[in-house]
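run-v9.cif, holding mmCIF, C-alpha atoms:
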data_run
loop_
_atom_site.label_atom_id
_atom_site.label_comp_id
_atom_site.auth_asym_id
_atom_site.auth_seq_id
_atom_site.Cartn_x
_atom_site.Cartn_y
_atom_site.Cartn_z
CA MET A 1 -37.53 -15.80 8.86
CA ARG A 2 -40.00 -13.50 10.68
CA LEU A 3 -39.13 -9.84 10.58
CA ASN A 4 -38.56 -8.19 13.94
CA ILE A 5 -40.11 -4.78 14.64
CA LEU A 6 -39.16 -2.60 17.61
CA ILE A 7 -42.01 -0.37 18.87
CA VAL A 8 -40.94 2.67 20.91
CA ASP A 9 -43.87 4.54 22.48
CA ASP A 10 -44.78 5.58 26.02
CA GLU A 11 -48.53 4.84 25.58
CA LYS A 12 -48.70 1.28 26.89
CA SER A 13 -52.22 0.58 25.60
CA PHE A 14 -51.21 1.74 22.13
CA VAL A 15 -48.11 -0.47 22.23
CA ARG A 16 -50.22 -3.49 23.29
CA SER A 17 -52.70 -3.05 20.45
CA LEU A 18 -49.92 -2.44 17.92
CA THR A 19 -48.02 -5.50 19.14
CA PHE A 20 -51.12 -7.68 18.80
CA ALA A 21 -51.86 -6.40 15.26
CA LEU A 22 -48.32 -6.90 14.04
CA GLN A 23 -47.98 -10.37 15.55
CA GLU A 24 -51.29 -11.36 13.97
CA ALA A 25 -49.83 -10.22 10.63
CA GLY A 26 -46.84 -12.55 11.14
CA TYR A 27 -44.22 -10.17 12.51
CA SER A 28 -42.07 -10.56 15.63
CA THR A 29 -42.12 -7.55 17.95
CA ASN A 30 -40.21 -5.99 20.80
CA CYS A 31 -41.18 -2.85 22.69
CA ALA A 32 -39.71 0.00 24.72
CA HIS A 33 -41.49 2.84 26.53
CA THR A 34 -38.54 5.25 26.71
CA GLY A 35 -35.78 6.27 24.35
CA GLU A 36 -33.15 5.00 26.76
CA ASP A 37 -34.75 1.55 26.80
CA ALA A 38 -34.84 1.56 23.00
CA LEU A 39 -31.11 2.29 22.78
CA ALA A 40 -30.40 -0.51 25.25
CA ILE A 41 -32.38 -2.93 23.05
CA LEU A 42 -30.48 -1.77 19.96
CA GLU A 43 -27.20 -2.50 21.71
CA ARG A 44 -28.28 -6.11 22.22
CA GLY A 45 -29.44 -6.69 18.65
CA LEU A 46 -30.75 -4.75 15.66
CA PRO A 47 -34.39 -5.02 14.55
CA ASP A 48 -35.49 -5.04 10.92
CA LEU A 49 -37.58 -1.90 11.54
CA MET A 50 -38.15 0.56 14.36
CA LEU A 51 -41.45 2.39 14.92
CA LEU A 52 -40.46 5.46 16.96
CA ASP A 53 -42.80 7.97 18.63
CA LEU A 54 -41.75 11.60 18.38
CA ARG A 55 -42.88 12.46 21.92
CA LEU A 56 -41.13 10.40 24.59
CA PRO A 57 -40.25 10.98 28.24
CA GLY A 58 -36.56 11.72 28.79
CA LYS A 59 -34.78 11.70 25.46
CA SER A 60 -37.09 12.81 22.68
CA GLY A 61 -37.85 10.78 19.57
CA MET A 62 -35.68 13.12 17.50
CA GLU A 63 -32.72 12.54 19.82
CA ILE A 64 -33.19 8.78 19.58
CA LEU A 65 -33.46 9.08 15.80
CA ASP A 66 -30.19 11.02 15.64
CA GLU A 67 -28.36 8.40 17.72
CA THR A 68 -29.85 5.54 15.71
CA VAL A 69 -28.88 7.09 12.39
CA ARG A 70 -25.36 7.71 13.72
CA LEU A 71 -24.78 4.36 15.42
CA TYR A 72 -27.04 1.99 13.46
CA PRO A 73 -27.49 3.49 9.98
CA ASP A 74 -28.86 0.24 8.52
CA VAL A 75 -31.92 0.22 10.81
CA PRO A 76 -34.92 1.82 9.05
CA VAL A 77 -36.92 4.11 11.33
CA VAL A 78 -40.58 5.07 10.84
CA MET A 79 -41.60 8.03 13.00
CA ILE A 80 -45.00 8.07 14.70
CA SER A 81 -46.38 11.57 15.26
CA ALA A 82 -49.50 12.88 16.92
CA HIS A 83 -52.01 14.95 14.96
CA GLY A 84 -50.49 18.39 14.45
CA ASP A 85 -46.87 17.12 14.54
CA THR A 86 -46.65 16.59 10.78
CA ARG A 87 -44.05 19.29 10.32
CA ALA A 88 -41.83 17.69 12.96
CA ALA A 89 -42.30 14.28 11.29
CA VAL A 90 -41.19 15.71 7.95
CA GLN A 91 -38.12 17.15 9.66
CA ALA A 92 -37.43 13.67 11.05
CA VAL A 93 -37.48 12.22 7.53
CA LYS A 94 -34.97 14.87 6.47
CA ALA A 95 -32.83 13.84 9.47
CA GLY A 96 -32.72 10.21 8.35
CA ALA A 97 -36.08 8.56 9.13
CA THR A 98 -37.40 6.27 6.39
CA ASP A 99 -41.02 7.48 6.64
CA TYR A 100 -43.66 8.61 9.14
CA LEU A 101 -47.21 7.81 10.29
CA THR A 102 -49.65 10.20 11.96
CA LYS A 103 -51.90 9.00 14.81
CA PRO A 104 -54.52 7.73 14.50
CA PHE A 105 -53.70 5.52 11.53
CA ALA A 106 -55.45 2.49 10.04
CA LEU A 107 -53.90 -0.95 10.43
CA ASP A 108 -53.82 -1.39 6.63
CA GLU A 109 -51.81 1.84 6.34
CA LEU A 110 -49.26 0.53 8.86
CA LEU A 111 -48.96 -2.90 7.21
CA HIS A 112 -48.58 -1.32 3.78
CA LEU A 113 -45.78 0.88 5.10
CA VAL A 114 -44.06 -2.06 6.82
CA ASP A 115 -44.22 -4.08 3.58
CA SER A 116 -42.80 -1.12 1.66
CA VAL A 117 -39.87 -0.74 4.06
CA THR A 118 -39.27 -4.50 4.01
CA GLU A 119 -39.08 -4.47 0.22
CA ARG A 120 -36.66 -1.55 0.30
CA ASN A 121 -34.47 -3.48 2.75
CA ARG A 122 -34.54 -6.52 0.49
CA MET A 123 -33.53 -4.45 -2.54
CA ARG A 124 -30.75 -2.75 -0.55
CA ASP A 125 -29.37 -6.11 0.61
CA GLU A 126 -29.60 -7.52 -2.91
CA LEU A 127 -27.76 -4.52 -4.32
CA ALA A 128 -25.06 -4.87 -1.67
CA TYR A 129 -24.76 -8.58 -2.54
CA HIS A 130 -24.36 -7.90 -6.26
CA ARG A 131 -21.84 -5.15 -5.57
CA SER A 132 -19.88 -7.58 -3.41
CA ARG A 133 -20.00 -10.21 -6.18
CA ALA A 134 -18.88 -7.61 -8.72
CA ALA A 135 -15.99 -6.62 -6.47
CA SER A 136 -14.98 -10.26 -6.02
CA SER A 137 -15.09 -10.91 -9.76
CA SER A 138 -12.74 -7.96 -10.20
CA GLY A 139 -10.30 -9.49 -7.70
CA LEU A 140 -11.05 -6.90 -5.02
CA MET A 141 -11.86 -9.36 -2.25
CA GLY A 142 -12.76 -8.29 1.27
CA ASP A 143 -15.57 -7.25 3.59
CA SER A 144 -13.53 -4.83 5.67
CA ASP A 145 -14.61 -1.19 5.85
CA ALA A 146 -11.43 -0.21 3.99
CA MET A 147 -12.21 -2.49 1.04
CA GLN A 148 -15.90 -1.55 0.93
CA GLN A 149 -14.96 2.13 0.79
CA LEU A 150 -12.37 1.38 -1.89
CA TRP A 151 -14.91 -0.53 -3.99
CA GLN A 152 -17.41 2.34 -3.78
CA LYS A 153 -14.73 4.78 -4.96
CA VAL A 154 -13.74 2.45 -7.79
CA GLN A 155 -17.34 2.37 -9.02
CA ARG A 156 -17.72 6.14 -8.86
CA ILE A 157 -14.40 6.76 -10.63
CA ALA A 158 -15.12 4.10 -13.28
CA ALA A 159 -18.45 5.71 -14.19
CA SER A 160 -17.01 9.23 -14.25
CA SER A 161 -15.40 11.07 -17.15
CA ALA A 162 -12.05 11.29 -15.33
CA GLY A 163 -9.35 10.51 -17.86
CA ARG A 164 -6.31 10.71 -15.55
CA ILE A 165 -6.18 8.59 -12.39
CA LEU A 166 -3.26 8.04 -10.00
CA LEU A 167 -3.21 4.90 -7.83
CA LEU A 168 -1.05 5.00 -4.72
CA GLY A 169 -0.17 2.16 -2.38
CA GLU A 170 2.53 -0.14 -1.12
CA SER A 171 3.95 -2.90 -3.27
CA GLY A 172 1.66 -5.92 -3.41
CA THR A 173 -1.59 -4.14 -2.48
CA GLY A 174 -3.24 -4.87 -5.83
CA LYS A 175 -2.97 -1.62 -7.77
CA ALA A 176 -3.15 -3.51 -11.08
CA LEU A 177 -6.38 -5.20 -9.95
CA VAL A 178 -7.88 -1.83 -9.06
CA ALA A 179 -6.88 -0.42 -12.46
CA LYS A 180 -8.50 -3.41 -14.20
CA ALA A 181 -11.65 -3.03 -12.09
CA ILE A 182 -11.95 0.66 -13.02
CA HIS A 183 -11.68 -0.30 -16.69
CA GLU A 184 -14.15 -3.20 -16.46
CA HIS A 185 -16.83 -1.05 -14.82
CA SER A 186 -16.39 1.93 -17.12
CA PRO A 187 -18.01 2.88 -20.44
CA ARG A 188 -14.68 1.86 -22.03
CA ALA A 189 -14.99 -1.76 -20.84
CA SER A 190 -15.60 -3.13 -24.35
CA GLU A 191 -12.30 -1.67 -25.55
CA ALA A 192 -8.72 -2.69 -24.74
CA PHE A 193 -7.05 -2.60 -21.34
CA VAL A 194 -3.32 -2.20 -22.05
CA GLU A 195 -0.71 -2.45 -19.31
CA ILE A 196 2.96 -1.47 -19.24
CA ASN A 197 5.39 -1.73 -16.33
CA CYS A 198 7.74 1.24 -16.61
CA ALA A 199 10.36 -0.55 -14.49
CA ALA A 200 10.43 -3.69 -16.65
CA LEU A 201 11.83 -2.22 -19.87
CA PRO A 202 15.17 -0.62 -20.64
CA GLU A 203 15.04 3.15 -21.02
CA GLN A 204 15.77 3.12 -24.74
CA LEU A 205 12.77 0.85 -25.49
CA ILE A 206 10.03 2.45 -23.39
CA GLU A 207 9.33 5.25 -25.88
CA ALA A 208 8.94 2.78 -28.73
CA GLU A 209 6.78 0.55 -26.54
CA LEU A 210 4.48 3.46 -25.72
CA PHE A 211 4.32 5.37 -28.98
CA GLY A 212 5.40 2.79 -31.56
CA ALA A 213 8.27 2.99 -34.03
CA GLU A 214 8.89 3.15 -37.75
CA LYS A 215 10.94 0.50 -39.52
CA GLY A 216 14.65 1.15 -38.98
CA ALA A 217 14.07 3.67 -36.18
CA TYR A 218 16.56 1.81 -33.97
CA THR A 219 18.73 -1.29 -34.06
CA GLY A 220 16.46 -4.31 -34.30
CA ALA A 221 13.42 -2.37 -35.61
CA HIS A 222 12.97 -4.54 -38.69
CA GLN A 223 9.38 -3.50 -39.26
CA LYS A 224 6.91 -0.81 -38.31
CA ARG A 225 5.24 -1.44 -34.96
CA ALA A 226 2.24 0.09 -33.22
CA GLY A 227 2.70 1.41 -29.68
CA LEU A 228 0.58 0.66 -26.64
CA VAL A 229 -0.99 4.13 -26.82
CA ALA A 230 -2.44 3.21 -30.22
CA LEU A 231 -3.54 -0.25 -29.04
CA ALA A 232 -5.40 1.33 -26.10
CA HIS A 233 -7.39 3.76 -28.31
CA ASN A 234 -10.86 4.30 -26.74
CA GLY A 235 -9.83 2.01 -23.90
CA THR A 236 -7.54 2.24 -20.86
CA LEU A 237 -3.75 2.55 -20.66
CA PHE A 238 -2.31 1.44 -17.32
CA LEU A 239 1.24 2.53 -16.47
CA ASP A 240 2.53 0.64 -13.45
CA GLU A 241 5.57 2.01 -11.58
CA ILE A 242 5.13 5.42 -13.25
CA GLY A 243 7.89 6.77 -11.00
CA GLU A 244 10.36 4.76 -13.12
CA LEU A 245 9.42 6.58 -16.34
CA PRO A 246 12.70 8.09 -17.64
CA LEU A 247 12.95 11.84 -17.17
CA SER A 248 13.83 12.19 -20.86
CA LEU A 249 10.46 10.65 -21.82
CA GLN A 250 8.32 12.48 -19.28
CA ALA A 251 8.00 15.65 -21.41
CA LYS A 252 6.75 13.63 -24.40
CA PHE A 253 4.27 11.75 -22.27
CA LEU A 254 3.03 15.02 -20.75
CA HIS A 255 2.46 16.37 -24.27
CA PHE A 256 0.39 13.29 -25.08
CA LEU A 257 -1.70 13.68 -21.92
CA GLU A 258 -2.42 17.33 -22.69
CA ASN A 259 -3.09 17.06 -26.42
CA GLY A 260 -3.84 13.42 -27.18
CA ASP A 261 -1.30 13.32 -30.00
CA TYR A 262 2.09 11.66 -30.22
CA ARG A 263 4.82 10.85 -32.71
CA PRO A 264 6.17 7.28 -33.21
CA VAL A 265 9.90 6.85 -32.83
CA GLY A 266 11.53 7.64 -36.19
CA GLY A 267 8.24 8.82 -37.64
CA GLY A 268 7.44 12.12 -39.31
CA ALA A 269 3.63 12.19 -38.99
CA SER A 270 1.92 12.52 -35.64
CA ALA A 271 -1.04 10.38 -34.56
CA THR A 272 -3.80 10.72 -31.98
CA SER A 273 -5.34 8.36 -29.44
CA ASP A 274 -8.19 8.77 -26.96
CA VAL A 275 -7.33 6.79 -23.82
CA ARG A 276 -8.07 6.85 -20.12
CA VAL A 277 -4.69 6.84 -18.41
CA ILE A 278 -4.29 5.13 -15.03
CA ALA A 279 -0.85 5.43 -13.43
CA ALA A 280 0.33 3.61 -10.30
CA THR A 281 3.28 3.94 -7.95
CA ASN A 282 4.47 2.80 -4.54
CA ARG A 283 6.77 5.82 -4.32
CA SER A 284 6.06 9.34 -3.12
CA LEU A 285 5.93 11.26 -6.40
CA GLU A 286 5.98 14.50 -4.42
CA ALA A 287 9.39 13.47 -3.03
CA GLU A 288 10.52 12.48 -6.53
CA VAL A 289 9.50 15.95 -7.75
CA ARG A 290 11.50 17.60 -4.95
CA ASN A 291 14.53 15.48 -5.80
CA GLY A 292 14.29 16.41 -9.47
CA HIS A 293 13.48 12.87 -10.63
CA PHE A 294 9.91 13.53 -11.73
CA ARG A 295 8.40 16.51 -13.53
CA GLU A 296 6.04 18.54 -11.37
CA ASP A 297 3.75 19.38 -14.30
CA LEU A 298 3.43 15.68 -15.19
CA TYR A 299 2.66 14.82 -11.56
CA PHE A 300 -0.19 17.34 -11.43
CA ARG A 301 -1.47 16.23 -14.84
CA LEU A 302 -1.63 12.60 -13.74
CA ASN A 303 -3.06 13.38 -10.31
CA VAL A 304 -6.55 14.49 -11.39
CA ILE A 305 -8.12 11.68 -9.34
CA GLU A 306 -6.01 10.08 -6.59
CA LEU A 307 -6.91 6.75 -5.03
CA THR A 308 -4.90 5.07 -2.24
CA ILE A 309 -5.05 1.26 -1.94
CA PRO A 310 -5.02 0.18 1.74
CA PRO A 311 -2.25 -2.17 2.93
CA LEU A 312 -3.24 -5.63 4.15
CA ARG A 313 -2.32 -4.78 7.76
CA ASP A 314 -5.25 -2.31 7.72
CA ARG A 315 -7.57 -5.06 6.43
CA GLU A 316 -7.27 -7.63 9.21
CA ASP A 317 -10.87 -8.77 8.66
CA ASP A 318 -10.02 -9.74 5.07
CA VAL A 319 -7.07 -12.05 5.76
CA CYS A 320 -9.17 -15.19 6.33
CA LYS A 321 -11.31 -14.59 3.25
CA LEU A 322 -8.25 -14.04 1.09
CA LEU A 323 -6.66 -17.17 2.58
CA GLU A 324 -9.70 -19.26 1.60
CA MET A 325 -9.67 -17.90 -1.95
CA PHE A 326 -5.94 -18.45 -2.50
CA ILE A 327 -6.02 -21.92 -0.90
CA GLU A 328 -8.82 -23.07 -3.21
CA SER A 329 -7.33 -21.55 -6.36
CA GLN A 330 -3.82 -22.88 -5.63
CA ALA A 331 -5.16 -26.38 -4.94
CA ARG A 332 -6.92 -26.34 -8.33
CA GLU A 333 -3.73 -25.19 -10.02
CA GLU A 334 -1.62 -27.89 -8.38
CA GLY A 335 -4.30 -30.58 -8.82
CA CYS A 336 -4.30 -31.52 -5.14
CA ARG A 337 -6.54 -31.30 -2.09
CA PRO A 338 -6.53 -27.85 -0.42
CA ILE A 339 -4.31 -27.31 2.59
CA THR A 340 -5.97 -26.56 5.94
CA MET A 341 -4.81 -24.49 8.87
CA LEU A 342 -4.68 -25.16 12.59
CA PRO A 343 -6.22 -22.34 14.71
CA GLU A 344 -2.72 -21.63 16.06
CA THR A 345 -1.45 -21.23 12.49
CA LEU A 346 -4.26 -18.84 11.62
CA ALA A 347 -3.51 -16.85 14.77
CA ARG A 348 0.10 -16.36 13.66
CA LEU A 349 -1.00 -15.28 10.20
CA SER A 350 -3.47 -12.82 11.69
CA ALA A 351 -0.77 -11.35 13.94
CA TYR A 352 1.65 -10.90 11.04
CA ASN A 353 2.23 -7.39 9.62
CA TRP A 354 2.26 -8.45 5.92
CA PRO A 355 4.92 -6.05 4.57
CA GLY A 356 4.44 -7.64 1.13
CA ASN A 357 0.66 -7.26 1.38
CA VAL A 358 -1.70 -9.44 -0.69
CA ARG A 359 1.10 -10.59 -2.98
CA GLU A 360 3.01 -11.96 0.02
CA LEU A 361 -0.10 -13.78 1.25
CA ARG A 362 -0.68 -15.35 -2.17
CA ASN A 363 2.97 -16.40 -2.44
CA LEU A 364 2.83 -17.99 1.02
CA ILE A 365 -0.18 -20.13 0.07
CA GLU A 366 1.50 -21.16 -3.17
CA ARG A 367 4.62 -22.20 -1.24
CA LEU A 368 2.70 -24.14 1.42
CA THR A 369 0.50 -25.89 -1.15
CA ILE A 370 3.55 -27.03 -3.14
CA LEU A 371 5.48 -28.20 -0.04
CA TYR A 372 2.56 -29.71 1.92
CA PRO A 373 -0.25 -30.55 -0.55
CA GLY A 374 -3.53 -31.39 1.20
CA GLN A 375 -1.91 -31.29 4.64
CA LEU A 376 -2.88 -29.61 7.89
CA ILE A 377 -0.48 -26.69 8.27
CA ARG A 378 1.05 -26.34 11.73
CA PRO A 379 2.82 -23.19 12.97
CA HIS A 380 6.31 -24.68 12.64
CA GLN A 381 5.70 -25.21 8.91
CA LEU A 382 5.41 -21.46 8.33
CA PRO A 383 8.50 -19.53 7.16
CA GLY A 384 10.71 -18.08 9.88
CA GLU A 385 9.44 -14.50 9.55
CA PHE A 386 5.97 -15.60 10.68
CA LEU A 387 7.40 -17.30 13.75
CA ALA A 388 9.49 -14.24 14.59
CA ALA A 389 6.61 -11.82 14.11
CA SER A 390 4.48 -13.57 16.71
CA THR A 391 7.18 -13.82 19.39
CA PRO A 392 6.08 -11.93 22.54
CA PRO A 393 8.49 -9.01 23.12
CA ALA A 394 8.04 -8.75 26.90
CA ASP A 395 10.95 -10.96 27.93
CA GLN A 396 13.66 -10.67 25.29
CA HIS A 397 15.77 -13.55 26.60
CA HIS A 398 12.78 -15.85 26.79
CA ALA A 399 11.63 -14.67 23.36
CA SER A 400 15.02 -15.42 21.83
CA ALA A 401 15.08 -18.87 23.37
CA SER A 402 11.53 -19.55 22.22
CA PHE A 403 12.37 -18.45 18.70
CA ASP A 404 15.45 -20.72 18.61
CA GLN A 405 13.25 -23.62 19.73
CA GLN A 406 10.77 -22.86 16.96
CA LEU A 407 13.54 -22.77 14.38
CA GLN A 408 14.83 -26.13 15.63
CA GLN A 409 11.31 -27.57 15.40
CA THR A 410 10.98 -26.28 11.84
CA GLU A 411 14.38 -27.70 10.86
CA ARG A 412 13.60 -31.03 12.58
CA GLN A 413 10.32 -31.31 10.67
CA LEU A 414 11.99 -30.56 7.33
CA LEU A 415 14.60 -33.26 7.96
CA LEU A 416 11.95 -35.79 8.99
CA ASP A 417 9.80 -34.99 5.94
CA ALA A 418 12.81 -35.40 3.64
CA LEU A 419 13.70 -38.76 5.20
CA GLU A 420 10.09 -39.96 4.98
CA LYS A 421 9.74 -38.97 1.32
CA ASN A 422 12.98 -40.77 0.46
CA GLY A 423 12.42 -43.97 2.36
CA GLY A 424 14.89 -43.14 5.13
CA ARG A 425 17.83 -42.86 2.73
CA LYS A 426 19.98 -40.03 4.02
CA GLY A 427 21.81 -39.40 0.77
CA LYS A 428 18.54 -38.95 -1.16
CA ALA A 429 17.05 -36.85 1.66
CA ALA A 430 20.11 -34.57 1.61
CA GLU A 431 19.81 -34.21 -2.18
CA HIS A 432 16.10 -33.45 -1.81
CA LEU A 433 16.92 -30.54 0.53
CA GLY A 434 19.83 -29.31 -1.57
CA LEU A 435 22.40 -30.24 1.11
CA SER A 436 25.58 -32.25 0.96
CA ARG A 437 25.47 -35.63 2.70
CA HIS A 438 27.97 -34.33 5.29
CA ALA A 439 25.89 -31.19 6.01
CA PHE A 440 22.74 -33.27 6.32
CA LYS A 441 24.39 -35.67 8.79
CA ARG A 442 25.77 -32.74 10.82
CA ARG A 443 22.27 -31.27 11.14
CA LEU A 444 20.90 -34.62 12.28
CA GLN A 445 23.59 -34.83 14.96
CA LYS A 446 22.97 -31.26 16.10
CA LEU A 447 19.30 -32.04 16.64
CA GLY A 448 19.98 -35.40 18.29
CA MET A 449 18.40 -37.33 15.42
CA ASP A 450 21.41 -39.43 14.37
#

Mind converting the file's structure to structure tokens?
Amino acid sequence: MRLNILIVDDEKSFVRSLTFALQEAGYSTNCAHTGEDALAILERGLPDLMLLDLRLPGKSGMEILDETVRLYPDVPVVMISAHGDTRAAVQAVKAGATDYLTKPFALDELLHLVDSVTERNRMRDELAYHRSRAASSSGLMGDSDAMQQLWQKVQRIAASSAGRILLLGESGTGKALVAKAIHEHSPRASEAFVEINCAALPEQLIEAELFGAEKGAYTGAHQKRAGLVALAHNGTLFLDEIGELPLSLQAKFLHFLENGDYRPVGGGASATSDVRVIAATNRSLEAEVRNGHFREDLYFRLNVIELTIPPLRDREDDVCKLLEMFIESQAREEGCRPITMLPETLARLSAYNWPGNVRELRNLIERLTILYPGQLIRPHQLPGEFLAASTPPADQHHASASFDQQLQQTERQLLLDALEKNGGRKGKAAEHLGLSRHAFKRRLQKLGMD
């Protein structure tokens, strides 16, 4: 593909000769004689490079540079200055220009500079591509601004020496994936990534799970066991739902964070472990501190680096990409053809608020793939909450009626599918849906299908 270069200069003869030279060299060109015209061209489409004269009628070259850097930061700008304007050209580079040329300049000098900028663009795009691939391989899918910013923060945090990181975000946003990505892109990546869900274990077992236990330390401790802190030595320890950590254990965990040493349950000798600790919660720990459920000193010790995972409703641009990924992976898992979506179905999914975030989206695709393998998914096949979420609120009576109709359509389709799968036998169809034969017949009558 030919690279497009925008030339912005009020000397028409100079623009003509520059256009001819660049087109002869294989480039596509566009031209503007004022800064205002240049901005209008940029609104219609971005060039691969802009050659911008410092001295222009109306808005100056510096003003156009400022607006370009602010509005179109990916467009490289080479300033063209007259003899004696070198200082101003250098200031332009400091303000965001890629480079500058001083009139008069040789054609070879211009072409060399254009090639240099082109190569820089190629390397930038390649780097962005590899970063995107790295993010995808870590499970952090999405091209939205929110996800791109998150991925950049993950990389910076992973490479840093920060040993205490707190992940915040609603349930289902992917905090565990972010924790794993931080580990995988850190100097500790070759060591263990150990995860514990503080809400999944009874209070009396969490301490032993974390710090280990000696034989006979508690009922059922038939042998000595190592704790997760020891297993994560030189690696990463991820504590999900940290807000559920029992208050009685918080002081011991704080001691470990501050000193790196701990004592197994029932043990006399202390041990040490060097770990990066990542904690995650969907609660407000500040509120938990105020309510006396979480130690303030532990909160501040954990919250050295804080990272908030955006909810899916703030990532509307990512929904379709995530849908594609989950549809393909679920079809492979079920050994069937992938489901497909009608545009109306996609519209309802896009309008949905996703209170369960990415986890809810993944669960929906799993459900639809199991119920309708390889089929085209129509709106009425979605669960009721998706139908309700897309009901227009303007006319409440009409909305209620419309919603009832949609529910009837969904119920009708389920009954028809059950009858089709069971050869029209009502008893088998009722059993398939988990209904009694009488309840199944009553539903058929209600919908005028009997």

- Task: Find, counting only C-alpha atoms, the residue in A:Ser284, A:Tyr262, A:Gly292, A:Glu11 that gets nearest to A:Pro246.
- Result: A:Gly292

- Message: Quick check, in Å to one decimal: how far apart do atom CA of A:Thr68 and atom CA of A:Glu43 lie?
- Response: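 Distance between the two atoms: 10.4 Å.
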
- Message: Using the chain letters and numbers from this file, what does the PyMOL selection byres ((chain A and resi 353-360) around 10) select? Give the answer as a count of residues only.
- Response: 28

- Item | For A:Ser60, the nearest of the candidates A:Ala230, A:Ala21, A:Ile377, A:Ala88, counting all atoms listed in the file |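 Once distances to A:Ser60 are computed over all atoms listed in the file, the minimum belongs to A:Ala88.
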
So that I can see what lies close to A:Pro373, please list as a PDB file with C-alpha atoms, in the frame of the given file the residues with an atom at most 8 Å from it, counting only C-alpha atoms and leaving out residues fewer than 5 positions away in the same chain.
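The resulting file, part_29.pdb, is reproduced below:
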ATOM      1  CA  ALA A 331      -5.160 -26.380  -4.940  1.00  0.00           C
ATOM      2  CA  CYS A 336      -4.300 -31.520  -5.140  1.00  0.00           C
ATOM      3  CA  ARG A 337      -6.540 -31.300  -2.090  1.00  0.00           C
ATOM      4  CA  PRO A 338      -6.530 -27.850  -0.420  1.00  0.00           C
ATOM      5  CA  ILE A 339      -4.310 -27.310   2.590  1.00  0.00           C
ATOM      6  CA  LEU A 368       2.700 -24.140   1.420  1.00  0.00           C
TER       7      LEU A 368
END

- Just say which residues the PyMOL selection byres ((chain A and resi 95) around 12) picks in this file, as a count of residues only. 25

- Cut-off 12 Å around (-48.1, 8.0, 13.8) with only C-alpha atoms: residues as JSON, numbers by chain: {"A": [7, 8, 9, 14, 15, 18, 51, 52, 53, 54, 55, 78, 79, 80, 81, 82, 83, 84, 85, 86, 88, 89, 90, 99, 100, 101, 102, 103, 104, 105, 106, 107, 109, 110, 113]}

- Note on the structure: Of A:Ala146, A:Ala279, A:Glu258, A:Arg225, the one sitting nearest A:Val194 when using only C-alpha atoms is A:Ala279

- the PyMOL selection byres ((chain A and resi 157) around 12) on the file shown: which residues, as number ranges by chain? A: 150-156, 158-167, 178-179, 181-187, 276, 278, 304-307

- Message: Please list, as a PyMOL selection string, the residues that have an atom at most 9 Å away from (-44.8, -6.4, 19.8) in the coordinates of this file, counting all atoms listed in the file.
- Response: chain A and resi 4-7+15-23+27-31

- Query: To one decimal place, how far is atom CA of A:Gly384 from atom CA of A:Glu328 in Å?
  - Reply: 24.0 Å

Residue rebuild result stretch 321-328 of chain A, N, CA, C and O atoms as an mmCIF file, keeping the file's coordinate frame:
data_model
loop_
_atom_site.group_PDB
_atom_site.id
_atom_site.type_symbol
_atom_site.label_atom_id
_atom_site.label_comp_id
_atom_site.auth_asym_id
_atom_site.auth_seq_id
_atom_site.Cartn_x
_atom_site.Cartn_y
_atom_site.Cartn_z
ATOM 1 N N LYS A 321 -10.599 -14.435 4.528
ATOM 2 C CA LYS A 321 -11.310 -14.590 3.250
ATOM 3 C C LYS A 321 -10.327 -14.738 2.101
ATOM 4 O O LYS A 321 -10.514 -15.560 1.194
ATOM 5 N N LEU A 322 -9.275 -13.937 2.121
ATOM 6 C CA LEU A 322 -8.250 -14.040 1.090
ATOM 7 C C LEU A 322 -7.537 -15.392 1.169
ATOM 8 O O LEU A 322 -7.223 -16.006 0.143
ATOM 9 N N LEU A 323 -7.283 -15.857 2.387
ATOM 10 C CA LEU A 323 -6.660 -17.170 2.580
ATOM 11 C C LEU A 323 -7.498 -18.260 1.902
ATOM 12 O O LEU A 323 -6.975 -19.095 1.163
ATOM 13 N N GLU A 324 -8.802 -18.249 2.168
ATOM 14 C CA GLU A 324 -9.700 -19.260 1.600
ATOM 15 C C GLU A 324 -9.634 -19.233 0.072
ATOM 16 O O GLU A 324 -9.562 -20.269 -0.585
ATOM 17 N N MET A 325 -9.682 -18.029 -0.487
ATOM 18 C CA MET A 325 -9.670 -17.900 -1.950
ATOM 19 C C MET A 325 -8.373 -18.419 -2.545
ATOM 20 O O MET A 325 -8.376 -19.204 -3.505
ATOM 21 N N PHE A 326 -7.226 -18.018 -1.953
ATOM 22 C CA PHE A 326 -5.940 -18.450 -2.500
ATOM 23 C C PHE A 326 -5.719 -19.942 -2.293
ATOM 24 O O PHE A 326 -5.124 -20.610 -3.153
ATOM 25 N N ILE A 327 -6.172 -20.478 -1.161
ATOM 26 C CA ILE A 327 -6.020 -21.920 -0.900
ATOM 27 C C ILE A 327 -6.774 -22.730 -1.949
ATOM 28 O O ILE A 327 -6.252 -23.701 -2.509
ATOM 29 N N GLU A 328 -8.012 -22.349 -2.229
ATOM 30 C CA GLU A 328 -8.820 -23.070 -3.210
ATOM 31 C C GLU A 328 -8.222 -22.959 -4.609
ATOM 32 O O GLU A 328 -8.108 -23.956 -5.330
#
